[in-house]
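Peer 1: Structure in structure tokens, see below.
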Protein chains: 2
Amino acid sequence: MRLAELSGRSGVSTATIKYYLREGLLPPGRRITATQSEYDEEHLRRLRLVRALIQIGRVPVSTARDVVAAVEDDSRDQLSRLATAVEALPHIPGTERDPATDLARRTATELLEHVGWRFGLAIAGHARAFETLVAAIAALHRLGYPCDLADLLPYAHAAAELAVSELDLVEEHGTPAERVEAAVALTVLYEPVLLSLRRLAEAEESNKRFGDGP
Amino acid sequence: MRLAELSGRSGVSTATIKYYLREGLLPPGRRITATQSEYDEEHLRRLRLVRALIQIGRVPVSTARDVVAAVEDDSRDQLSRLATAVEALPHIPGTERDPATDLARRTATELLEHVGWRFGLAIAGHARAFETLVAAIAALHRLGYPCDLADLLPYAHAAAELAVSELDLVEEHGTPAERVEAAVALTVLYEPVLLSLRRLAEAEESNKRFGDGP
């Protein structure tokens, strides 16, 4: 397909697509004439991922480039490509080492042990998601809000159930390359779905307990 | 307590506390001498909330001021104060009206009907969390990723279960004023807990399906 069709099918303007091409976020098309190139389904799929990262994930262009490079790296297996891509996504910055952080690290480790996440425990030393969890628990500790094992368990159970249905969704996608892309895109795209539903559910439950209608 | 003790107990520097006082995020202390004021437990609690909003929620100072004003508004009941405070928290900007948004609004409405969130349906016309949900579903539609009712239901179920345990946690906090503060703080502080646990659960499930260890 030509640039105009790629733009029409993706909903991304031709100017933005040209920018992504210049920045190396999309592989170049197949040159047809001096001024025209041909694009295929793979460009469309990659464009959707880049759009998800930048527009929904609010990921900087340089980070999106790292994520795309990890997804594209054929020298590695699917799991390791996915892990590198997700690691490149933005996380909350970790905090300095202090007593609250040490306590939080113990709580987080205890939580993973309790739910039996052996892979999580194995990667805890270098996974940014684990560091984010530690930082979030440390902030709760420092501010004096409840966050012991019993308080955290419902979140781990909810996350585990969601991961099963998410991976089911990912496995519906055909080839391994498509699956890695879908997994990264769904990680980013379902974050606002989850957070907004959580706020609506909180409103629902607050109304049930404290409100008088409807 | 004096400023130094307020700083020690909250872990927030005296310079930052003075800044919050100047910006109206904290009520002034009771003046003792020309240069010293006395602060109480309410200052400490408010300081924790402000810290949660700004440091973890990455909320701008002006937004934090709106949230605190809503929490403080004694003229209104607990539920309405909580609703206004949560509405003031940052949301993903909504999108323009287009076919994907219209479809997403129907899907979101259908989802709330399916899970029986009557309060959510009643506030859907003006709740920013609902608009965020619509925008997130529209983005999934536009990018060609799955997001029909069956795909979204697990997120709504997870959110409903979490809301119950969150409100249990909130109800452990004494007075109604404290509860509104705790609800706002926990909404913000548990977001990174939930998102990081979701990423760890995804890694766990990916490893189970595609990996070969540990």
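Ligands are numbered from 1 in the order shown, residues from 1 within each chain, and chains are lettered A, B, ... in the order they appear in the structure tokens.
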For the interface of chain A with chain B (cut-off 7 Å, counting only C-alpha atoms), please tabulate each contacting residue of chain A alongside its nearest pair of atoms and their separation in Å to one decimal, rows sorted by chain and increasing number, as a tab-separated table.

Peer 2:
```
residue	atom	partner	partner_atom	distance
A:Ser10	CA	B:Leu143	CA	6.8
A:Arg48	CA	B:Leu143	CA	5.3
A:Leu79	CA	B:Phe210	CA	6.3
A:Trp117	CA	B:Glu204	CA	6.4
A:Phe119	CA	B:Glu204	CA	5.6
A:Gly120	CA	B:Leu200	CA	6.1
A:Ala129	CA	B:Ser196	CA	4.9
A:Phe130	CA	B:Ser196	CA	6.8
A:Thr132	CA	B:Ser196	CA	6.2
A:Leu133	CA	B:Val193	CA	5.4
A:Ala136	CA	B:Val193	CA	5.8
A:Leu140	CA	B:Leu189	CA	6.7
A:Leu143	CA	B:Arg48	CA	5.4
A:Pro154	CA	B:Leu162	CA	6.5
A:Tyr155	CA	B:Leu194	CA	5.9
A:Ala156	CA	B:Leu197	CA	6.0
A:Ala158	CA	B:Ala158	CA	5.4
A:Ala159	CA	B:Arg198	CA	4.6
A:Ala160	CA	B:Ala201	CA	5.2
A:Leu162	CA	B:Pro154	CA	6.5
A:Ala163	CA	B:Glu202	CA	4.9
A:Val164	CA	B:Glu205	CA	6.6
A:Leu189	CA	B:Leu140	CA	6.7
A:Pro192	CA	B:Ala136	CA	6.0
A:Val193	CA	B:Leu133	CA	5.4
A:Leu194	CA	B:Tyr155	CA	5.9
A:Ser196	CA	B:Ala129	CA	4.9
A:Leu197	CA	B:Ala156	CA	6.0
A:Arg198	CA	B:Ala159	CA	4.6
A:Arg199	CA	B:Ala129	CA	6.3
A:Leu200	CA	B:Gly120	CA	6.1
A:Ala201	CA	B:Ala160	CA	5.2
A:Glu202	CA	B:Ala163	CA	4.9
A:Glu204	CA	B:Phe119	CA	5.6
A:Glu205	CA	B:Ala163	CA	6.4
A:Ser206	CA	B:Leu79	CA	6.8
A:Asn207	CA	B:Leu79	CA	6.8
A:Phe210	CA	B:Leu79	CA	6.2
A:Gly211	CA	B:Leu79	CA	6.2
A:Pro214	CA	B:Phe119	CA	6.3
```

Peer 1: Could you do a least-squares fit of chain A on chain B over every C-alpha atom, in sequence order, and give the output as a CSV table (one decimal) with C-alpha atoms, in the first residue's frame?

Peer 2:
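Ended up saving to superposed-v5.csv:
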```csv
chain,number,residue,atom,x,y,z
A,1,MET,CA,4.7,20.0,67.5
A,2,ARG,CA,7.2,22.4,66.0
A,3,LEU,CA,8.2,22.5,62.3
A,4,ALA,CA,11.3,20.4,62.9
A,5,GLU,CA,9.3,17.6,64.5
A,6,LEU,CA,6.7,17.8,61.7
A,7,SER,CA,9.5,17.4,59.2
A,8,GLY,CA,11.1,14.5,61.2
A,9,ARG,CA,7.8,12.6,61.5
A,10,SER,CA,6.7,13.1,57.9
A,11,GLY,CA,10.2,12.7,56.2
A,12,VAL,CA,9.5,16.0,54.3
A,13,SER,CA,12.1,18.7,54.5
A,14,THR,CA,11.3,21.9,56.4
A,15,ALA,CA,12.0,23.9,53.2
A,16,THR,CA,9.3,21.8,51.4
A,17,ILE,CA,6.9,22.2,54.3
A,18,LYS,CA,7.3,26.0,54.2
A,19,TYR,CA,6.7,25.9,50.5
A,20,TYR,CA,3.5,23.9,50.9
A,21,LEU,CA,2.4,26.4,53.6
A,22,ARG,CA,3.0,29.4,51.3
A,23,GLU,CA,1.1,27.6,48.5
A,24,GLY,CA,-1.9,27.0,50.8
A,25,LEU,CA,-1.6,23.2,50.6
A,26,LEU,CA,-1.3,23.1,54.4
A,27,PRO,CA,-3.3,25.2,56.8
A,28,PRO,CA,-1.1,27.6,58.8
A,29,GLY,CA,0.1,26.5,62.2
A,30,ARG,CA,-0.9,28.1,65.5
A,31,ARG,CA,1.4,31.1,66.0
A,32,ILE,CA,3.4,30.8,69.3
A,33,THR,CA,6.1,33.5,68.9
A,34,ALA,CA,6.9,35.9,66.1
A,35,THR,CA,9.0,33.2,64.4
A,36,GLN,CA,7.5,29.9,65.6
A,37,SER,CA,4.3,28.0,65.0
A,38,GLU,CA,2.8,24.9,66.5
A,39,TYR,CA,1.5,22.1,64.3
A,40,ASP,CA,-0.8,19.1,65.2
A,41,GLU,CA,-1.7,15.7,64.0
A,42,GLU,CA,-4.0,17.1,61.4
A,43,HIS,CA,-1.1,18.9,59.7
A,44,LEU,CA,0.8,15.7,59.7
A,45,ARG,CA,-2.1,13.8,58.0
A,46,ARG,CA,-2.6,16.6,55.5
A,47,LEU,CA,1.1,16.7,54.7
A,48,ARG,CA,1.1,12.9,54.0
A,49,LEU,CA,-1.8,13.4,51.6
A,50,VAL,CA,-0.1,16.3,49.8
A,51,ARG,CA,3.1,14.3,49.6
A,52,ALA,CA,1.3,11.3,48.1
A,53,LEU,CA,-0.4,13.5,45.5
A,54,ILE,CA,2.7,15.3,44.4
A,55,GLN,CA,5.4,12.7,44.8
A,56,ILE,CA,3.6,9.5,43.8
A,57,GLY,CA,0.6,10.9,41.8
A,58,ARG,CA,2.9,13.4,40.1
A,59,VAL,CA,0.0,15.9,40.5
A,60,PRO,CA,0.8,19.6,39.8
A,61,VAL,CA,0.7,21.9,42.9
A,62,SER,CA,-2.4,23.7,41.6
A,63,THR,CA,-4.3,20.3,41.2
A,64,ALA,CA,-3.2,19.2,44.7
A,65,ARG,CA,-4.6,22.5,46.0
A,66,ASP,CA,-8.0,21.6,44.4
A,67,VAL,CA,-8.0,18.1,45.8
A,68,VAL,CA,-7.2,19.4,49.3
A,69,ALA,CA,-9.9,22.1,49.1
A,70,ALA,CA,-12.4,19.4,48.1
A,71,VAL,CA,-11.3,17.2,51.0
A,72,GLU,CA,-11.6,20.1,53.4
A,73,ASP,CA,-15.1,21.3,52.3
A,74,ASP,CA,-17.1,20.7,55.5
A,75,SER,CA,-20.3,22.0,53.8
A,76,ARG,CA,-20.6,18.7,51.8
A,77,ASP,CA,-21.0,15.1,52.8
A,78,GLN,CA,-18.2,12.5,52.7
A,79,LEU,CA,-19.2,11.0,49.3
A,80,SER,CA,-19.4,14.3,47.5
A,81,ARG,CA,-16.1,15.5,48.9
A,82,LEU,CA,-14.4,12.2,47.8
A,83,ALA,CA,-16.0,12.4,44.4
A,84,THR,CA,-14.8,16.0,43.8
A,85,ALA,CA,-11.3,15.2,45.1
A,86,VAL,CA,-10.9,12.1,42.8
A,87,GLU,CA,-12.3,14.1,39.9
A,88,ALA,CA,-9.6,16.7,40.4
A,89,LEU,CA,-6.9,14.0,40.1
A,90,PRO,CA,-5.2,13.8,36.7
A,91,HIS,CA,-6.8,11.8,34.0
A,92,ILE,CA,-5.9,11.0,30.4
A,93,PRO,CA,-7.2,13.7,28.2
A,94,GLY,CA,-10.4,12.7,26.3
A,95,THR,CA,-10.4,12.5,22.6
A,96,GLU,CA,-12.4,14.2,19.9
A,97,ARG,CA,-15.8,12.8,18.9
A,98,ASP,CA,-15.3,10.2,16.1
A,99,PRO,CA,-16.7,6.8,15.1
A,100,ALA,CA,-14.3,4.9,17.3
A,101,THR,CA,-15.2,7.1,20.3
A,102,ASP,CA,-18.9,6.6,19.7
A,103,LEU,CA,-18.4,2.8,19.5
A,104,ALA,CA,-16.2,2.9,22.6
A,105,ARG,CA,-18.9,4.8,24.6
A,106,ARG,CA,-21.4,2.1,23.7
A,107,THR,CA,-19.0,-0.6,24.7
A,108,ALA,CA,-18.2,1.1,28.0
A,109,THR,CA,-21.9,1.7,28.8
A,110,GLU,CA,-22.7,-2.0,28.0
A,111,LEU,CA,-19.8,-3.0,30.3
A,112,LEU,CA,-21.2,-1.0,33.2
A,113,GLU,CA,-24.7,-2.4,32.6
A,114,HIS,CA,-23.3,-5.9,32.5
A,115,VAL,CA,-21.6,-5.6,35.9
A,116,GLY,CA,-24.5,-3.7,37.3
A,117,TRP,CA,-22.7,-0.5,38.2
A,118,ARG,CA,-25.8,1.7,38.5
A,119,PHE,CA,-24.0,4.6,40.2
A,120,GLY,CA,-21.3,4.5,37.5
A,121,LEU,CA,-24.0,4.7,34.8
A,122,ALA,CA,-25.7,7.6,36.6
A,123,ILE,CA,-22.5,9.6,36.7
A,124,ALA,CA,-21.2,8.5,33.3
A,125,GLY,CA,-22.2,11.8,31.6
A,126,HIS,CA,-19.7,13.8,33.7
A,127,ALA,CA,-17.3,11.5,35.4
A,128,ARG,CA,-13.8,11.8,34.1
A,129,ALA,CA,-13.0,8.2,34.9
A,130,PHE,CA,-15.7,7.2,32.5
A,131,GLU,CA,-14.3,9.5,29.8
A,132,THR,CA,-10.8,8.0,30.4
A,133,LEU,CA,-12.3,4.5,30.0
A,134,VAL,CA,-14.0,5.6,26.7
A,135,ALA,CA,-10.8,7.1,25.4
A,136,ALA,CA,-8.8,4.0,26.3
A,137,ILE,CA,-11.3,1.7,24.6
A,138,ALA,CA,-11.4,4.0,21.5
A,139,ALA,CA,-7.6,3.8,21.3
A,140,LEU,CA,-7.8,0.0,21.3
A,141,HIS,CA,-10.5,0.1,18.6
A,142,ARG,CA,-8.5,2.5,16.4
A,143,LEU,CA,-5.3,0.5,16.7
A,144,GLY,CA,-7.2,-2.7,15.9
A,145,TYR,CA,-6.6,-4.5,19.2
A,146,PRO,CA,-9.3,-6.6,20.9
A,147,CYS,CA,-11.5,-4.8,23.3
A,148,ASP,CA,-15.1,-6.1,23.2
A,149,LEU,CA,-17.2,-6.8,26.2
A,150,ALA,CA,-15.7,-10.2,26.9
A,151,ASP,CA,-12.2,-8.8,26.8
A,152,LEU,CA,-13.0,-5.9,29.2
A,153,LEU,CA,-15.0,-7.9,31.7
A,154,PRO,CA,-12.0,-9.4,33.6
A,155,TYR,CA,-10.8,-5.8,34.3
A,156,ALA,CA,-14.2,-4.7,35.6
A,157,HIS,CA,-14.4,-7.8,37.9
A,158,ALA,CA,-10.8,-7.3,39.2
A,159,ALA,CA,-11.6,-3.6,39.8
A,160,ALA,CA,-14.8,-4.4,41.7
A,161,GLU,CA,-13.0,-6.9,43.9
A,162,LEU,CA,-10.2,-4.4,44.6
A,163,ALA,CA,-12.7,-1.7,45.4
A,164,VAL,CA,-14.2,-3.8,48.2
A,165,SER,CA,-10.9,-4.5,49.9
A,166,GLU,CA,-9.9,-0.8,49.4
A,167,LEU,CA,-13.0,0.5,51.0
A,168,ASP,CA,-12.5,-2.0,53.9
A,169,LEU,CA,-9.1,-0.4,54.4
A,170,VAL,CA,-10.5,3.1,54.3
A,171,GLU,CA,-13.2,2.2,56.8
A,172,GLU,CA,-10.5,1.3,59.3
A,173,HIS,CA,-9.6,5.0,59.4
A,174,GLY,CA,-11.4,6.8,62.2
A,175,THR,CA,-13.3,10.0,61.5
A,176,PRO,CA,-15.1,10.8,58.2
A,177,ALA,CA,-12.5,13.6,57.4
A,178,GLU,CA,-9.7,11.0,57.8
A,179,ARG,CA,-11.6,8.5,55.7
A,180,VAL,CA,-11.9,11.0,52.7
A,181,GLU,CA,-8.2,11.8,53.0
A,182,ALA,CA,-7.3,8.1,53.2
A,183,ALA,CA,-9.5,7.2,50.2
A,184,VAL,CA,-7.8,9.9,48.0
A,185,ALA,CA,-4.3,8.9,49.2
A,186,LEU,CA,-4.9,5.2,48.7
A,187,THR,CA,-6.4,5.8,45.2
A,188,VAL,CA,-3.1,7.5,44.2
A,189,LEU,CA,-0.7,5.4,46.2
A,190,TYR,CA,-2.0,2.0,45.1
A,191,GLU,CA,-1.9,2.8,41.4
A,192,PRO,CA,1.8,2.0,41.0
A,193,VAL,CA,1.3,-1.1,43.3
A,194,LEU,CA,-1.3,-2.4,40.9
A,195,LEU,CA,0.5,-1.6,37.7
A,196,SER,CA,3.8,-3.0,38.8
A,197,LEU,CA,2.2,-6.2,40.1
A,198,ARG,CA,0.3,-6.5,36.8
A,199,ARG,CA,3.7,-6.4,34.9
A,200,LEU,CA,5.2,-9.0,37.3
A,201,ALA,CA,2.1,-11.2,36.9
A,202,GLU,CA,2.4,-10.9,33.1
A,203,ALA,CA,6.1,-11.9,33.3
A,204,GLU,CA,5.1,-14.8,35.5
A,205,GLU,CA,2.4,-16.0,33.1
A,206,SER,CA,4.6,-15.4,30.0
A,207,ASN,CA,7.3,-17.5,31.5
A,208,LYS,CA,4.8,-20.2,32.4
A,209,ARG,CA,3.6,-20.3,28.8
A,210,PHE,CA,6.6,-19.5,26.7
A,211,GLY,CA,9.7,-19.9,28.9
A,212,ASP,CA,11.6,-22.9,30.2
A,213,GLY,CA,12.5,-21.9,33.7
A,214,PRO,CA,13.0,-21.5,36.5
```

Peer 1: Could you give me, as a list in words, each residue of chain B that DSSP assigns to strand (DSSP E or B) when run on this structure's backbone?

Peer 2: Arg30, Arg31, Ser37 and Glu38 of chain B

Peer 1: Can you pull out every residue from range 7-172 of chain B that DSSP, working from the backbone, puts in alpha helix (DSSP H), and format the result as a PyMOL selection string?

Peer 2: chain B and resi 7-10+14-22+41-51+61-72+78-88+99-115+118-123+128-142+149-171
